[in-house]
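Colleague: One file is attached below, final_2.csv, containing CSV, C-alpha atoms.
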```csv
chain,number,residue,atom,x,y,z
A,8,MET,CA,25.1,-21.6,0.1
A,9,LYS,CA,25.1,-25.0,2.0
A,10,ASP,CA,26.5,-23.3,5.1
A,11,ASP,CA,23.7,-20.7,5.0
A,12,GLN,CA,21.1,-23.4,4.8
A,13,LYS,CA,22.4,-25.2,7.8
A,14,GLY,CA,21.3,-22.4,10.1
A,15,ASN,CA,17.9,-21.9,8.4
A,16,PRO,CA,15.1,-23.6,10.4
A,17,TRP,CA,12.9,-23.6,7.3
A,18,LYS,CA,15.5,-25.6,5.4
A,19,SER,CA,16.6,-28.0,8.2
A,20,SER,CA,13.3,-30.0,8.1
A,21,ALA,CA,13.5,-30.8,4.4
A,22,GLY,CA,13.6,-34.6,3.7
A,23,ARG,CA,12.7,-35.7,7.2
A,24,ASP,CA,10.9,-39.0,7.8
A,25,SER,CA,9.4,-39.6,11.2
A,26,LYS,CA,9.9,-43.4,10.8
A,27,SER,CA,13.6,-43.2,10.2
A,28,GLU,CA,16.3,-42.8,12.9
A,29,GLY,CA,17.0,-39.3,14.1
A,30,GLY,CA,13.9,-37.9,12.2
A,31,TYR,CA,15.7,-37.8,8.8
A,32,ARG,CA,14.9,-39.9,5.7
A,33,ASN,CA,16.9,-43.0,5.4
A,34,PRO,CA,18.9,-42.7,2.1
A,35,ARG,CA,18.1,-46.4,1.4
A,36,SER,CA,14.4,-46.0,1.7
A,37,PRO,CA,12.4,-45.6,-1.5
A,38,ARG,CA,11.7,-42.0,-2.6
A,39,ARG,CA,8.2,-40.7,-3.3
A,40,PRO,CA,7.3,-40.5,-7.0
A,41,ARG,CA,7.7,-37.1,-8.5
A,42,GLY,CA,5.8,-35.3,-11.2
A,43,PRO,CA,7.4,-34.1,-14.5
A,44,ARG,CA,10.4,-31.8,-14.2
A,45,GLY,CA,9.5,-28.2,-13.7
A,46,SER,CA,5.9,-29.0,-12.7
A,47,GLY,CA,6.1,-27.2,-9.3
A,48,ARG,CA,3.9,-27.6,-6.2
A,49,ASP,CA,0.9,-26.1,-8.0
A,50,ASP,CA,0.7,-28.9,-10.6
A,51,ARG,CA,-0.6,-31.5,-8.1
A,52,ARG,CA,-3.7,-33.4,-9.3
A,53,PHE,CA,-6.2,-31.5,-7.1
A,54,ARG,CA,-5.5,-27.9,-6.3
A,55,ARG,CA,-6.6,-25.7,-3.4
A,56,ASP,CA,-9.2,-23.9,-5.5
A,57,ASP,CA,-10.4,-27.0,-7.5
A,58,GLY,CA,-14.0,-28.1,-7.4
A,59,PRO,CA,-15.1,-31.5,-6.0
A,60,ASP,CA,-14.6,-33.1,-9.4
A,61,GLY,CA,-11.1,-31.7,-9.8
A,62,SER,CA,-12.1,-29.1,-12.4
A,63,PRO,CA,-10.7,-25.6,-11.7
A,64,ARG,CA,-13.1,-23.1,-10.2
A,65,GLN,CA,-13.5,-19.6,-11.6
A,66,GLY,CA,-10.8,-17.4,-10.2
A,67,GLY,CA,-8.7,-20.4,-9.0
A,68,PHE,CA,-5.1,-21.2,-9.7
A,69,GLU,CA,-5.8,-21.9,-13.4
A,70,ASP,CA,-7.2,-18.4,-13.8
A,71,ALA,CA,-4.3,-16.6,-12.2
A,72,PRO,CA,-2.1,-14.6,-14.6
A,73,LYS,CA,1.3,-16.1,-15.4
A,74,LYS,CA,3.0,-12.7,-14.8
A,75,ARG,CA,2.0,-9.2,-14.0
A,76,PRO,CA,1.0,-7.0,-17.0
A,77,VAL,CA,3.7,-4.8,-18.4
A,78,ILE,CA,3.2,-1.2,-17.5
A,79,ARG,CA,3.8,1.0,-20.6
A,80,ARG,CA,5.9,4.0,-19.9
A,81,GLU,CA,5.9,7.2,-21.9
A,82,GLY,CA,8.5,9.6,-20.5
A,83,ASP,CA,7.6,10.5,-17.0
A,84,GLN,CA,4.1,8.9,-17.4
A,85,TRP,CA,2.9,5.3,-17.3
A,86,LEU,CA,-0.3,3.3,-17.4
A,87,GLU,CA,-1.3,1.5,-14.1
A,88,PRO,CA,-4.3,-0.7,-13.2
A,89,VAL,CA,-6.6,0.4,-10.4
A,90,CYS,CA,-8.8,-2.4,-9.0
A,91,GLY,CA,-12.0,-2.6,-7.0
A,92,PHE,CA,-15.2,-0.7,-7.1
A,93,HIS,CA,-14.4,1.8,-4.3
A,94,ALA,CA,-10.9,2.6,-5.7
A,95,VAL,CA,-12.2,3.0,-9.3
A,96,GLY,CA,-15.2,5.1,-8.1
A,97,SER,CA,-12.9,7.5,-6.2
A,98,LEU,CA,-10.6,7.7,-9.1
A,99,PHE,CA,-13.4,8.9,-11.4
A,100,TYR,CA,-14.6,11.2,-8.7
A,101,ALA,CA,-11.2,12.9,-8.2
A,102,LYS,CA,-9.3,12.4,-11.4
A,103,PRO,CA,-11.7,11.2,-14.2
A,104,PHE,CA,-9.6,12.4,-17.1
A,105,ILE,CA,-6.5,10.2,-16.3
A,106,VAL,CA,-8.5,7.0,-17.0
A,107,GLU,CA,-7.7,5.5,-20.3
A,108,ARG,CA,-9.7,2.3,-20.3
A,109,LEU,CA,-12.2,0.4,-18.2
A,110,PHE,CA,-12.8,-3.4,-17.8
A,111,PHE,CA,-15.5,-4.9,-15.7
A,112,ASP,CA,-17.5,-8.2,-15.2
A,113,ALA,CA,-21.2,-8.8,-15.7
A,114,GLU,CA,-22.0,-8.3,-12.0
A,115,SER,CA,-20.4,-4.9,-11.8
A,116,ALA,CA,-21.8,-3.6,-15.1
A,117,PRO,CA,-25.2,-2.2,-13.7
A,118,MET,CA,-23.3,0.0,-11.3
A,119,LEU,CA,-21.0,1.6,-13.9
A,120,GLY,CA,-23.5,3.3,-16.2
A,121,ASP,CA,-22.5,6.9,-15.5
A,122,ILE,CA,-18.8,6.1,-15.7
A,123,CYS,CA,-19.3,4.3,-19.1
A,124,LYS,CA,-21.3,7.3,-20.4
A,125,PHE,CA,-18.4,9.6,-19.4
A,126,LEU,CA,-15.9,7.3,-21.2
A,127,ALA,CA,-18.1,7.2,-24.3
A,128,LYS,CA,-18.2,11.0,-24.3
A,129,GLU,CA,-14.4,11.1,-24.1
A,130,LYS,CA,-14.1,8.4,-26.8
A,131,LYS,CA,-12.2,6.0,-24.5
A,132,PRO,CA,-12.8,2.3,-24.6
A,133,TYR,CA,-14.6,0.2,-22.0
A,134,ARG,CA,-15.9,-3.4,-22.2
A,135,GLN,CA,-17.3,-6.2,-20.2
A,136,VAL,CA,-15.0,-9.2,-19.8
A,137,ASP,CA,-14.8,-12.4,-17.8
A,138,ALA,CA,-12.8,-13.1,-14.6
A,139,VAL,CA,-9.9,-14.6,-16.5
A,140,GLU,CA,-9.5,-11.5,-18.6
A,141,LEU,CA,-9.8,-9.2,-15.6
A,142,ALA,CA,-7.0,-11.1,-13.9
A,143,LYS,CA,-4.8,-10.7,-16.9
A,144,VAL,CA,-5.5,-7.0,-17.2
A,145,SER,CA,-5.0,-6.2,-13.5
A,146,GLY,CA,-2.2,-8.7,-12.7
A,147,THR,CA,-4.1,-10.1,-9.7
A,148,ARG,CA,-7.1,-12.3,-8.9
A,149,HIS,CA,-8.2,-9.7,-6.3
A,150,HIS,CA,-9.6,-7.3,-8.9
A,151,GLY,CA,-13.0,-6.8,-7.3
A,152,GLY,CA,-14.8,-7.1,-10.7
A,153,VAL,CA,-13.7,-3.8,-12.1
A,154,VAL,CA,-10.3,-2.5,-13.4
A,155,ALA,CA,-9.5,1.0,-14.6
A,156,ILE,CA,-6.3,1.7,-16.5
A,157,ALA,CA,-5.1,5.1,-15.3
A,158,ARG,CA,-2.3,7.3,-16.6
A,159,ARG,CA,0.1,8.2,-13.8
A,160,ARG,CA,3.1,10.4,-13.3
A,161,LEU,CA,5.7,10.9,-10.6
A,162,PRO,CA,4.5,13.0,-7.6
A,163,GLU,CA,6.0,16.5,-7.1
A,164,VAL,CA,8.6,17.1,-4.5
A,165,ALA,CA,7.4,18.8,-1.3
A,166,THR,CA,9.2,22.0,-0.4
A,167,PRO,CA,9.3,24.2,2.7
A,168,LYS,CA,7.9,27.0,0.6
A,169,ALA,CA,4.8,24.9,-0.3
A,170,ALA,CA,4.5,23.9,3.4
A,171,GLU,CA,4.2,27.6,4.4
A,172,PHE,CA,1.3,28.0,1.9
A,173,TRP,CA,-0.4,24.9,3.3
A,174,ALA,CA,0.0,26.2,6.8
A,175,LYS,CA,-1.7,29.4,5.9
A,176,GLU,CA,-4.6,27.3,4.7
A,177,GLY,CA,-4.6,25.4,7.9
A,178,MET,CA,-3.6,22.1,6.3
A,179,PRO,CA,-2.0,19.3,8.5
A,180,LEU,CA,0.5,16.9,7.0
A,181,LEU,CA,1.0,13.2,7.3
A,182,ILE,CA,4.6,12.3,6.6
A,183,LEU,CA,5.8,8.6,6.1
A,184,ASP,CA,9.4,7.9,6.6
A,185,GLY,CA,10.2,4.3,5.7
A,186,VAL,CA,6.7,2.6,5.8
A,187,ALA,CA,7.8,-0.5,3.8
A,188,ASN,CA,4.6,-2.6,3.4
A,189,THR,CA,2.4,-1.6,0.5
A,190,HIS,CA,-0.8,-2.6,2.3
A,191,ASN,CA,0.2,-0.4,5.2
A,192,PHE,CA,0.9,2.4,2.8
A,193,GLY,CA,-2.5,2.0,1.2
A,194,GLY,CA,-4.2,1.9,4.7
A,195,LEU,CA,-2.4,5.1,5.7
A,196,ALA,CA,-3.6,6.8,2.6
A,197,ARG,CA,-7.2,5.7,3.4
A,198,THR,CA,-6.8,6.9,6.9
A,199,ALA,CA,-5.5,10.3,5.7
A,200,ALA,CA,-8.5,10.7,3.4
A,201,PHE,CA,-10.9,9.6,6.1
A,202,TYR,CA,-9.7,12.4,8.5
A,203,GLY,CA,-9.5,15.0,5.7
A,204,VAL,CA,-5.7,15.2,5.6
A,205,GLU,CA,-5.1,16.2,2.0
A,206,LYS,CA,-1.3,16.3,2.1
A,207,LEU,CA,0.4,12.9,2.2
A,208,LEU,CA,4.2,13.1,2.0
A,209,ILE,CA,6.5,10.1,1.6
A,210,ALA,CA,10.2,9.8,1.8
A,211,ASP,CA,12.0,9.5,-1.5
A,212,SER,CA,13.9,6.4,-0.4
A,213,LYS,CA,14.1,2.7,-1.4
A,214,ARG,CA,12.6,1.4,1.8
A,215,GLN,CA,9.5,3.6,1.5
A,216,ALA,CA,6.5,1.9,-0.2
A,217,ARG,CA,5.1,3.5,-3.3
A,218,PRO,CA,1.7,3.4,-5.0
A,219,SER,CA,1.0,0.0,-6.5
A,220,GLU,CA,-2.0,-2.2,-7.4
A,221,SER,CA,-2.3,-3.6,-3.9
A,222,ALA,CA,-1.8,-0.1,-2.3
A,223,TYR,CA,-4.6,1.3,-4.5
A,224,ARG,CA,-6.9,-1.6,-3.6
A,225,VAL,CA,-6.3,-1.3,0.2
A,226,ALA,CA,-6.7,2.5,0.1
A,227,ARG,CA,-10.2,2.1,-1.4
A,228,GLY,CA,-9.8,5.3,-3.3
A,229,GLY,CA,-7.8,7.2,-0.6
A,230,LEU,CA,-4.7,7.5,-2.8
A,231,ASP,CA,-6.7,9.5,-5.4
A,232,LEU,CA,-8.2,11.7,-2.7
A,233,VAL,CA,-4.9,12.9,-1.2
A,234,ASP,CA,-2.2,15.0,-2.7
A,235,LEU,CA,0.9,12.7,-2.7
A,236,ARG,CA,4.3,14.4,-2.5
A,237,LEU,CA,7.9,13.2,-2.2
A,238,VAL,CA,10.4,14.4,0.4
A,239,ASP,CA,14.1,14.2,-0.6
A,240,ASN,CA,15.4,14.3,3.0
A,241,VAL,CA,12.9,13.9,5.8
A,242,PRO,CA,15.0,15.3,8.7
A,243,SER,CA,16.0,18.4,6.7
A,244,PHE,CA,12.5,18.9,5.6
A,245,LEU,CA,11.2,18.7,9.2
A,246,LYS,CA,13.7,21.2,10.4
A,247,ALA,CA,12.7,23.6,7.6
A,248,VAL,CA,9.0,23.4,8.3
A,249,ARG,CA,9.2,24.1,12.1
A,250,THR,CA,8.3,27.7,11.3
A,251,SER,CA,5.0,26.6,9.7
A,252,HIS,CA,4.0,23.3,11.4
A,253,LEU,CA,4.2,21.6,14.8
A,254,THR,CA,6.0,18.3,13.9
A,255,ILE,CA,5.0,15.3,16.0
A,256,GLY,CA,6.8,12.0,15.6
A,257,LEU,CA,5.5,8.6,16.6
A,258,ASP,CA,7.9,6.8,19.0
A,259,ILE,CA,7.2,3.9,21.4
A,260,GLU,CA,9.2,5.8,24.1
A,261,GLY,CA,7.4,9.1,23.6
A,262,LEU,CA,4.9,10.7,25.8
A,263,PRO,CA,1.7,8.5,26.2
A,264,LEU,CA,-0.6,10.4,23.7
A,265,PRO,CA,-0.9,13.6,25.7
A,266,GLU,CA,-3.4,16.4,24.8
A,267,LEU,CA,-2.0,18.9,22.4
A,268,ALA,CA,-2.6,21.9,24.7
A,269,ALA,CA,-0.5,20.2,27.4
A,270,ILE,CA,2.6,19.8,25.3
A,271,CYS,CA,2.5,22.5,22.6
A,272,PRO,CA,5.1,25.2,23.1
A,273,GLU,CA,3.7,28.8,23.2
A,274,GLU,CA,5.5,29.8,20.0
A,275,GLN,CA,3.9,26.9,18.2
A,276,GLU,CA,0.3,27.5,19.2
A,277,GLY,CA,-2.1,27.8,16.4
A,278,LYS,CA,0.0,26.0,13.8
A,279,PRO,CA,-1.2,22.9,12.0
A,280,VAL,CA,0.5,19.6,12.9
A,281,ALA,CA,2.7,17.4,10.8
A,282,ILE,CA,2.4,13.8,12.0
A,283,VAL,CA,5.5,11.7,11.2
A,284,ILE,CA,5.3,7.9,11.0
A,285,GLY,CA,8.3,5.6,10.7
A,286,ASN,CA,9.0,2.0,9.7
A,287,GLU,CA,6.8,-0.8,10.9
A,288,GLU,CA,9.6,-2.6,12.7
A,289,THR,CA,12.3,0.0,13.5
A,290,GLY,CA,10.2,3.1,13.8
A,291,LEU,CA,11.7,6.6,13.2
A,292,GLY,CA,15.4,7.0,12.5
A,293,GLU,CA,17.5,9.0,15.0
A,294,GLY,CA,17.9,11.9,12.6
A,295,THR,CA,14.1,12.1,12.1
A,296,LYS,CA,13.5,11.9,15.9
A,297,GLU,CA,15.9,14.8,16.6
A,298,ALA,CA,14.2,16.9,13.9
A,299,CYS,CA,10.7,16.5,15.4
A,300,ASP,CA,9.3,19.1,17.9
A,301,LEU,CA,7.6,16.4,20.0
A,302,LEU,CA,7.7,12.6,20.2
A,303,VAL,CA,4.5,10.8,21.4
A,304,GLY,CA,3.6,7.1,21.9
A,305,ILE,CA,0.5,5.0,22.2
A,306,PRO,CA,-0.1,3.7,25.7
A,307,GLY,CA,-1.2,0.0,26.0
A,308,SER,CA,-1.3,-2.9,28.4
A,309,GLY,CA,2.2,-4.0,27.6
A,310,ALA,CA,1.2,-7.4,26.2
A,311,ILE,CA,2.1,-6.2,22.7
A,312,ASP,CA,4.8,-3.7,22.0
A,313,ARG,CA,2.9,-1.6,19.5
A,314,LEU,CA,-0.1,-1.4,17.2
A,315,ASN,CA,-0.1,-1.5,13.4
A,316,VAL,CA,1.1,1.8,11.9
A,317,VAL,CA,-2.3,2.4,10.3
A,318,ALA,CA,-4.0,2.2,13.7
A,319,GLU,CA,-1.3,4.3,15.3
A,320,ALA,CA,-1.7,7.0,12.7
A,321,ALA,CA,-5.4,7.0,13.1
A,322,LEU,CA,-5.1,7.6,16.9
A,323,LEU,CA,-2.7,10.5,16.3
A,324,LEU,CA,-4.8,12.1,13.7
A,325,GLN,CA,-7.9,11.8,15.9
A,326,ARG,CA,-6.1,13.3,18.8
A,327,TYR,CA,-4.1,16.1,17.1
A,328,VAL,CA,-6.2,16.9,14.0
A,329,VAL,CA,-9.8,16.3,15.0
A,330,GLU,CA,-9.9,16.9,18.7
A,331,ALA,CA,-7.3,19.6,18.9
A,332,TYR,CA,-9.0,22.1,16.5
```
In structure tokens, what does this structure look like?

Modeller:
Amino acid sequence: MKDDQKGNPWKSSAGRDSKSEGGYRNPRSPRRPRGPRGSGRDDRRFRRDDGPDGSPRQGGFEDAPKKRPVIRREGDQWLEPVCGFHAVGSLFYAKPFIVERLFFDAESAPMLGDICKFLAKEKKPYRQVDAVELAKVSGTRHHGGVVAIARRRLPEVATPKAAEFWAKEGMPLLILDGVANTHNFGGLARTAAFYGVEKLLIADSKRQARPSESAYRVARGGLDLVDLRLVDNVPSFLKAVRTSHLTIGLDIEGLPLPELAAICPEEQEGKPVAIVIGNEETGLGEGTKEACDLLVGIPGSGAIDRLNVVAEAALLLQRYVVEAY
């Protein structure tokens, strides 16, 4: 453990004193007084979110929950918090019957009249609470003043047979293969919903982000407006759907965002596209690249190697979904 810390630049500066020789604290110099054992850095006298008199502000460190709420599981279903006015509103618009409970603060109450009437009709509880209670229920201080507890279940597995049916309906696909950051995952769901891409497919792998409280919040309702499906093996799935979709993978060495008419093979004309997005750092795997019909990139100035995956996906959807059809 000590050998590992020697090469860590974040560990090497611990205990330094600019007044001592070599930049390190003199072992004979008096140590700074410490707080009680186990107090931690957040038990200092004045905290970042404290008021001028030292009293904790509403929503500050004192109001943060000690741990995330336990999600109750019942077989293949579980209860999950959805936070924020936009996310909760889209949830009630798309899937109102999966909502089990609703919590909100006084500021949000006037905007939730219709939702509360629906819950009362379905004999499901709702109540107004303070910010501390909302933080406990949601597991985060970024709850946006309203929290819905929704009943979720695992997404279905996407199959080539289903892709054939989607192609007949003219439905494009957005496929994520290794997008690890939950905020990026939420942003991609929001982007898919914005462009009207109903089918959002994600790799069934450990490195692929899944729906979470933060993903729902960033998606602003997008995750409840798309049909989320799992893909067991992305390269195999891409090879199987070549008969129904034109698969386009994002790669920094690909063609610089050409028009679809200029690169689409004759036998693929008229088919909806399947846009494939890889990991934020490493991009698409070699197997996934080989399984794609085309690889395209985003041209830039060269000062930065690439955009955020959410921005990249938006450019590809604009080019190959909106402008191409």

Colleague: Report, in Å to a single decimal, how far apart CA of Ser251 (chain A) and CA of Ala196 (chain A) are.

Modeller: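 Calculated distance between CA of Ala196 (chain A) and CA of Ser251 (chain A) is 22.7 Å.
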
Colleague: By how many Å are CA of Ala318 (chain A) and CA of Lys206 (chain A) apart?

Modeller: 18.5 Å

Colleague: Given the point (-1.2, 6.7, 30.9) in the file's coordinates, find the residues that have an atom at most 9 Å from it, counting only C-alpha atoms, and give them as a PDB file with C-alpha atoms, keeping the file's coordinate frame.

Modeller:
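Result saved to selection35.pdb:
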```
ATOM      1  CA  LEU A 262       4.900  10.700  25.800  1.00  0.00           C
ATOM      2  CA  PRO A 263       1.700   8.500  26.200  1.00  0.00           C
ATOM      3  CA  LEU A 264      -0.600  10.400  23.700  1.00  0.00           C
ATOM      4  CA  PRO A 265      -0.900  13.600  25.700  1.00  0.00           C
ATOM      5  CA  PRO A 306      -0.100   3.700  25.700  1.00  0.00           C
ATOM      6  CA  GLY A 307      -1.200   0.000  26.000  1.00  0.00           C
TER       7      GLY A 307
END
```

Colleague: Tell me which of A:Leu183, A:Val154, A:Leu324, A:Val316 sits closest to Glu288 (chain A), counting only C-alpha atoms.

Modeller: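 Among A:Leu183, A:Val154, A:Leu324, A:Val316, it is A:Val316 that comes nearest to Glu288 (chain A).
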
Colleague: What is the CA of Arg313 (chain A)-CA of Val238 (chain A) distance in Å, reported with one decimal?

Modeller: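 The value is 26.0 Å.
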
Colleague: Please list as a count of residues only every residue within 12 Å of region 160-165 of chain A, counting only C-alpha atoms and excluding residues in the same chain fewer than 4 positions away.

Modeller: 41

Colleague: Pick the closest to Ile270 (chain A) from A:Ala226, A:Ala331, A:Leu232, A:Ala200: which is it, counting all atoms listed in the file?

Modeller: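 The shortest atom-to-atom distance to Ile270 (chain A) comes from A:Ala331.
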
Colleague: Mind checking which residues fall within 7 Å of Val136 (chain A), counting only C-alpha atoms, ignoring those fewer than 3 positions away in the same chain, and posting them as a list in words?

Modeller: Phe110, Phe111, Asp112, Glu140 and Leu141 of chain A

Colleague: Which residues come within 10 Å of Tyr327 (chain A), counting all atoms listed in the file, excluding same-chain residues fewer than 2 positions away, as number ranges by chain?

Modeller: A: 179, 255, 264-268, 279-282, 322-325, 329-332

Colleague: Excluding same-chain residues fewer than 5 positions from region 187-194 of chain A, what lies within 7 Å of it counting all atoms listed in the file, as a ChimeraX atom specification?

Modeller: /A:214-217,221-223,225-226,286,317

Colleague: Go through A:Glu114, A:Asp137, A:Glu220, A:Glu287 and flag the residue nearest Ile156 (chain A), using all atoms listed in the file for the distances.

Modeller: A:Glu220

Colleague: Of the candidates A:Gly290, A:Gly203, A:Pro103, A:Gly309, which one gets nearest to Glu129 (chain A) if we count all atoms listed in the file?

Modeller: A:Pro103

Colleague: Could you give me, as a PyMOL selection string, the residues within 7 Å of region 92-100 of chain A, counting all atoms listed in the file and dropping anything in the same chain fewer than 4 positions from it?

Modeller: chain A and resi 151+153+155+223-224+227-228+231
